[in-house]
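*Asks:* This is the structure I want to talk about, given as structure tokens.
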Amino acid sequence: MLQMLLPLTLCKTHIAKCTISDPVPIFHKYYQEGDAIIGSIGFHIYVPSEMISFKDQPNFTSYSVPFVLTKNYQHILALVFAVTEINGNHQILPNITLGFNIYDSYYNARQTYHATMELLSTKNTSIPNYRCDSHNNLIAVVGGLEPEISLHIATMLSIYNIPQLSYGPTPVMHHTKTGLSFYQMVPNEAHQYMGIIQLLLHFKWTWVGIIAVDDDNGERFVRTLIPEFSLNSICIAFIEKIPQVTYLYLHISDVLIKGYKIYKIIMTSRTNVLVCFGDTESVAKLRCLMYVSHMAHITEAKGNVWIMTAQMDFTSYFFQRTWDQQVFHGALSLTIHTNELLGFQQFLQSRSPIWTKDDGFIQDFWEQAFLCQFSDSMLGKKFEENCTGEEKLDNLPGDVFEMSMTGHSYSIYNAVFAVAHALHDRYASLYKHRRMINGKRHKPLKQQPWQLHSFLGSVMFNNNAGETIFFDPNGELVTVYDIINWVTFPNQSFRRVKVGRIDPKAAPHQAFSINEDAITWNSRFHQVGFQCDMDDCVTCSLEFYSSANQTQCTPKIITFLSYEEPLGISLVIISLSFSLVTASVLATFAEHCDTPIVKANNQNITYALLIFLLLCFLSALLFIGQPGEETCLLRQTVFGILFSGAISCVLAKTITVVLAFLATKPGSRIKKWVGKKLASSLVLSCSLIQAGICAVWLVTSPPFPDIDMHSKNEEMILECNEASPTMFYCVLGYMGFLAMVSFMVAFLARKLPDSFNEAKFITFSMLVFCSVWLSFVPTYLGTKGKSTVAVEIFSILASAGGLLACIFFPKCYMILLKPELNKKEHFIRRKT
């Protein structure tokens, strides 16, 4: 990371030859030189990697056999086709040659970061900011397909402010989108959600099941859709999550068990309308789960209508080639809008591993698409047939490879042209007239990627298909969703039929359109408009609560005592105000350190008490805000140690008063005990005992962030779980013991003769302190949610404020308003 923040270094090739090599070479890449390079990180190959032991040097053997999503190979070809068209078009970027650099994410965060580092580095090295090749002029990156991959890429590209054009859904970024150089080549997902609801209402389907991928984006989908379903009287029969497989052979049995459960629920539920949110390979995963479940004879498949989101596509791996896909026959899918481009199919038919030598993807694609093998294959003997390279792409079934342009490929094509037009506009703004030097055209100066942003945001052009491409102010492409009907056939082929569209730009009554006559339904699907049957009750999961009329599961609201709500703001203001007052008292005492009233009863202990009180007021801030691991560990322990220290100071001051009086009696042996060492030792020892109790607590049962799902019906309360109530009450009990001892000693010493007897003020302060904390326990146990935290904060502020007011305000009154009484002569005169 440090290296990425250093200034860019250029290694001049005529001075030194670079010999840096990549310790972990990337096998799947496709590079073409150019004056300006468009990078791309897609998802074409799935590699379920094994856990890395960190004992051996990482290499390609650390991965299993790559499973090629053969259908996604068209994404690469769409980018290559776009670059080829631009380089052959003299109306755009004349005298400038575009190149490309394509990598694979392998649906893996580690490989995505590695690929991004490669894009930022010289070819065949992995050192960003160090260029040994002047041709590596990266101007933009197209990718990724999956939301998490897009976010990983954006995290690194944002350092350089390099434009990124994503052709997948917007990732869940937890309020970190600010600063990312992000453009969306797909419509806003909110339009897709409303399209799903309009589709359900159009066919009067009000009893549906939801299946979503098990990640942050799936959670966002469910949380967004459920309230909308409730508003439109659409009932949910069940919500299930598609399990994720990250590491090979890791928890595979759990995944299969989960798959059995999903399949059984789908096939036995009364609803036959399924709303499914997934990623690119979700259909392939569902096919696996259903195939295994069907082979186990769990239950017979029934006819359902699947409503799928835009990211899902009918893909399959080579081992799924013969599996039945009739279960998805008649599915309706909201897909990214596409159009046929002139010359694209001819371009696809011209592809062959014989003539394409720089394409690092084509060999694995070819082998798993045509189920054959080349002689130099790295996969060993996987297929019986040998590849000739003469096989035809148009002979492949649709779930393996499509000859017509898919929505994602169309988005990639438009993304490349958007970058090219932005770069063209940038050059045109610098050179309004072509310059001729020695009879030759002069190439424009090299441009930095960040300079493209103002031109990308305002770019507008007509593509090969005649459609106008432009972005809205949020950097999202202004386009539509197509509604596709998937028609499958027994020979594993299928056909896309466009039956409608969702146009966010149109008037509300025209935004949704569909042609029912063009839809082919599953023969076993009975199109019935189900109404919510309240006799069929389902238990809401812990994240949801039942609505008032018990017809819907509504998401619970996440709540905690935050700095932004009135109660939190008020407590912060009070805490800081008390802290400021305490600091002012401390400053006053420091300024009048030579006066008798400050010197009375151990000056150092007085300063220590004020510092402890100042920290006690500030410790209340640890209880406000979203609980985290660090704050949960510190809250009660810091509070306990600081208050024990403060009460220890009070106890030391009280004992000092008593001992000082007893030492004045003739022949008393207590004189040797009177002094600063006793008081300091008392404060230190009492505080260390409390620190020891807290240390035992943190070692045995440390507090941790938790979610209370049960205290309130409509809320999920983020809180700190104390883990061990016993240890919590031990901390309070020890603090209470010190307070009671201080109170009793101060009460007994309140009538001792002295010019300024501090014991009477300590008695009042301990009375306030004990009253606050005795009332705290029943109040604490009787409240729920963030009110519990507010009660403890109030107790901290009230008890510390009582100590400050009762002990120090009388002294401050005498120091500031009655300085004539704060003199040694006055005390001597009163004694006589």
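Every chain in the structure tokens has a letter given in the order shown (A, B, ...), and although residue numbers restart at 1 in each chain, ligands are simply numbered from 1 in the order shown.
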Per DSSP on the backbone, what are the alpha helix (DSSP H) residues of segment 90-250 of chain A, as a VMD selection string?
*Replies:* chain A and resid 109 to 119 147 to 160 189 to 202 216 to 231
*Asks:* When you look at Ile102 of chain A with a cut-off of 8 Å (counting only C-alpha atoms), what residues show up, excluding the ones that are within fewer than 3 positions of it in the same chain? I need them as number ranges by chain.
*Replies:* A: 29-31, 39-42, 76
*Asks:* Deliver the residues from the most recent selection as a file, using N, CA, C and O atoms, as a PDB file, in the first residue's frame.
*Replies:*
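The file below, out35.pdb, is the result:
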```pdb
ATOM      1  N   LYS A  29      -5.140 -14.085 -19.263  1.00  0.00           N
ATOM      2  CA  LYS A  29      -5.081 -12.658 -19.569  1.00  0.00           C
ATOM      3  C   LYS A  29      -5.049 -12.484 -21.075  1.00  0.00           C
ATOM      4  O   LYS A  29      -4.712 -13.408 -21.826  1.00  0.00           O
ATOM      5  N   TYR A  30      -5.411 -11.290 -21.501  1.00  0.00           N
ATOM      6  CA  TYR A  30      -5.486 -11.003 -22.931  1.00  0.00           C
ATOM      7  C   TYR A  30      -5.045  -9.550 -23.093  1.00  0.00           C
ATOM      8  O   TYR A  30      -5.695  -8.640 -22.582  1.00  0.00           O
ATOM      9  N   TYR A  31      -3.923  -9.356 -23.800  1.00  0.00           N
ATOM     10  CA  TYR A  31      -3.337  -8.016 -23.912  1.00  0.00           C
ATOM     11  C   TYR A  31      -3.139  -7.641 -25.371  1.00  0.00           C
ATOM     12  O   TYR A  31      -2.703  -8.461 -26.175  1.00  0.00           O
ATOM     13  N   GLY A  39      -8.449  -1.243 -19.430  1.00  0.00           N
ATOM     14  CA  GLY A  39      -8.337  -2.462 -18.631  1.00  0.00           C
ATOM     15  C   GLY A  39      -9.693  -3.079 -18.395  1.00  0.00           C
ATOM     16  O   GLY A  39     -10.728  -2.412 -18.486  1.00  0.00           O
ATOM     17  N   SER A  40      -9.686  -4.352 -18.069  1.00  0.00           N
ATOM     18  CA  SER A  40     -10.945  -5.042 -17.776  1.00  0.00           C
ATOM     19  C   SER A  40     -10.667  -6.196 -16.815  1.00  0.00           C
ATOM     20  O   SER A  40      -9.687  -6.926 -16.972  1.00  0.00           O
ATOM     21  N   ILE A  41     -11.516  -6.315 -15.818  1.00  0.00           N
ATOM     22  CA  ILE A  41     -11.481  -7.451 -14.896  1.00  0.00           C
ATOM     23  C   ILE A  41     -12.890  -8.017 -14.850  1.00  0.00           C
ATOM     24  O   ILE A  41     -13.808  -7.384 -14.335  1.00  0.00           O
ATOM     25  N   GLY A  42     -13.046  -9.198 -15.428  1.00  0.00           N
ATOM     26  CA  GLY A  42     -14.363  -9.814 -15.515  1.00  0.00           C
ATOM     27  C   GLY A  42     -14.453 -11.063 -14.674  1.00  0.00           C
ATOM     28  O   GLY A  42     -13.608 -11.350 -13.826  1.00  0.00           O
ATOM     29  N   ILE A  76     -15.609 -10.904 -23.050  1.00  0.00           N
ATOM     30  CA  ILE A  76     -14.282 -10.575 -23.561  1.00  0.00           C
ATOM     31  C   ILE A  76     -14.368 -10.178 -25.027  1.00  0.00           C
ATOM     32  O   ILE A  76     -13.788  -9.173 -25.461  1.00  0.00           O
TER      33      ILE A  76
END
```
*Asks:* Write out as a PyMOL selection string each polymer residue whose atoms come within 9 Å of Cys730 of chain A, counting only C-alpha atoms; drop sequence neighbours fewer than 5 positions from it.
*Replies:* chain A and resi 693+725+735
*Asks:* Which one is closest to Ala310 of chain A: A:Asn386, A:Gln74, A:Thr224, A:Asn188? Count only C-alpha atoms.
*Replies:*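 Checking each candidate against Ala310 of chain A, we get A:Asn188 as the closest.
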*Asks:* Each residue of segment 204-265 of chain A lying at most 9 Å from segment 553-556 of chain A should get a row with its shortest atom-to-atom pair and the distance in Å to one decimal, counting only C-alpha atoms; could you produce that, ordered by chain and increasing number, as a Markdown table?
*Replies:*
```
| residue | atom | partner | partner_atom | distance |
| --- | --- | --- | --- | --- |
| A:Arg223 | CA | A:Pro555 | CA | 6.7 |
| A:Ile226 | CA | A:Thr554 | CA | 6.7 |
| A:Pro227 | CA | A:Thr554 | CA | 6.4 |
| A:Ser230 | CA | A:Thr554 | CA | 7.6 |
| A:Cys235 | CA | A:Cys553 | CA | 8.5 |
| A:Ile236 | CA | A:Cys553 | CA | 7.8 |
```
*Asks:* Got a sec: who's within 9 Å of Gly736 of chain A, counting only C-alpha atoms, leaving out chain neighbours fewer than 2 positions off, as a PyMOL selection string?
*Replies:* chain A and resi 644+731-734+738-741+770+773-774
*Asks:* Could you name the residues that touch segment 405-413 of chain A at 9 Å or less, counting only C-alpha atoms, but leaving out those on the same chain fewer than 6 positions away, as a PyMOL selection string?
*Replies:* chain A and resi 72+74-83+142-143+145+165-168+185-186+310-311+335-341+344-345
*Asks:* I need the residues of segment 635-784 of chain A that end up classed as strand (DSSP E or B) by DSSP on the backbone, written out as a list in words.
*Replies:* Phe704, Pro705, Asp706, Ile707, Asp708, Glu715, Met716, Ile717, Leu718, Glu719, Cys720 and Asn721 of chain A
*Asks:* Just the residues within 9 Å of Ile483 of chain A, please, counting only C-alpha atoms, with nothing from its chain fewer than 3 positions along; format it as an NGL selection string.
*Replies:* :A and (332-337 or 497-502 or 513-514)
*Asks:* Record the distance separating atom CA of Glu228 of chain A and atom CA of Glu714 of chain A, expressed in Å with one decimal.
*Replies:*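 Taking atom CA of Glu228 of chain A and atom CA of Glu714 of chain A, their separation equals 17.2 Å.
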*Asks:* Smallest atom-to-atom distance to Asn491 of chain A: which of A:Leu430, A:Leu396, A:Val275, A:Val638, using only C-alpha atoms?
*Replies:*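 Going through A:Leu430, A:Leu396, A:Val275, A:Val638 one by one, the smallest distance to Asn491 of chain A is for A:Leu396.
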*Asks:* Using only C-alpha atoms, which of A:Val480, A:Tyr607, A:Ser680, A:Lys786 sits nearest Ala583 of chain A?
*Replies:*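 So, comparing all the options, the nearest one is A:Tyr607.
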*Asks:* Determine, counting only C-alpha atoms, which protein, DNA and RNA residues have an atom within 7 Å of an atom of Val459 of chain A; residues of the same chain fewer than 6 positions away are not included. Present the result as a PyMOL selection string.
*Replies:* chain A and resi 418+421-422+470
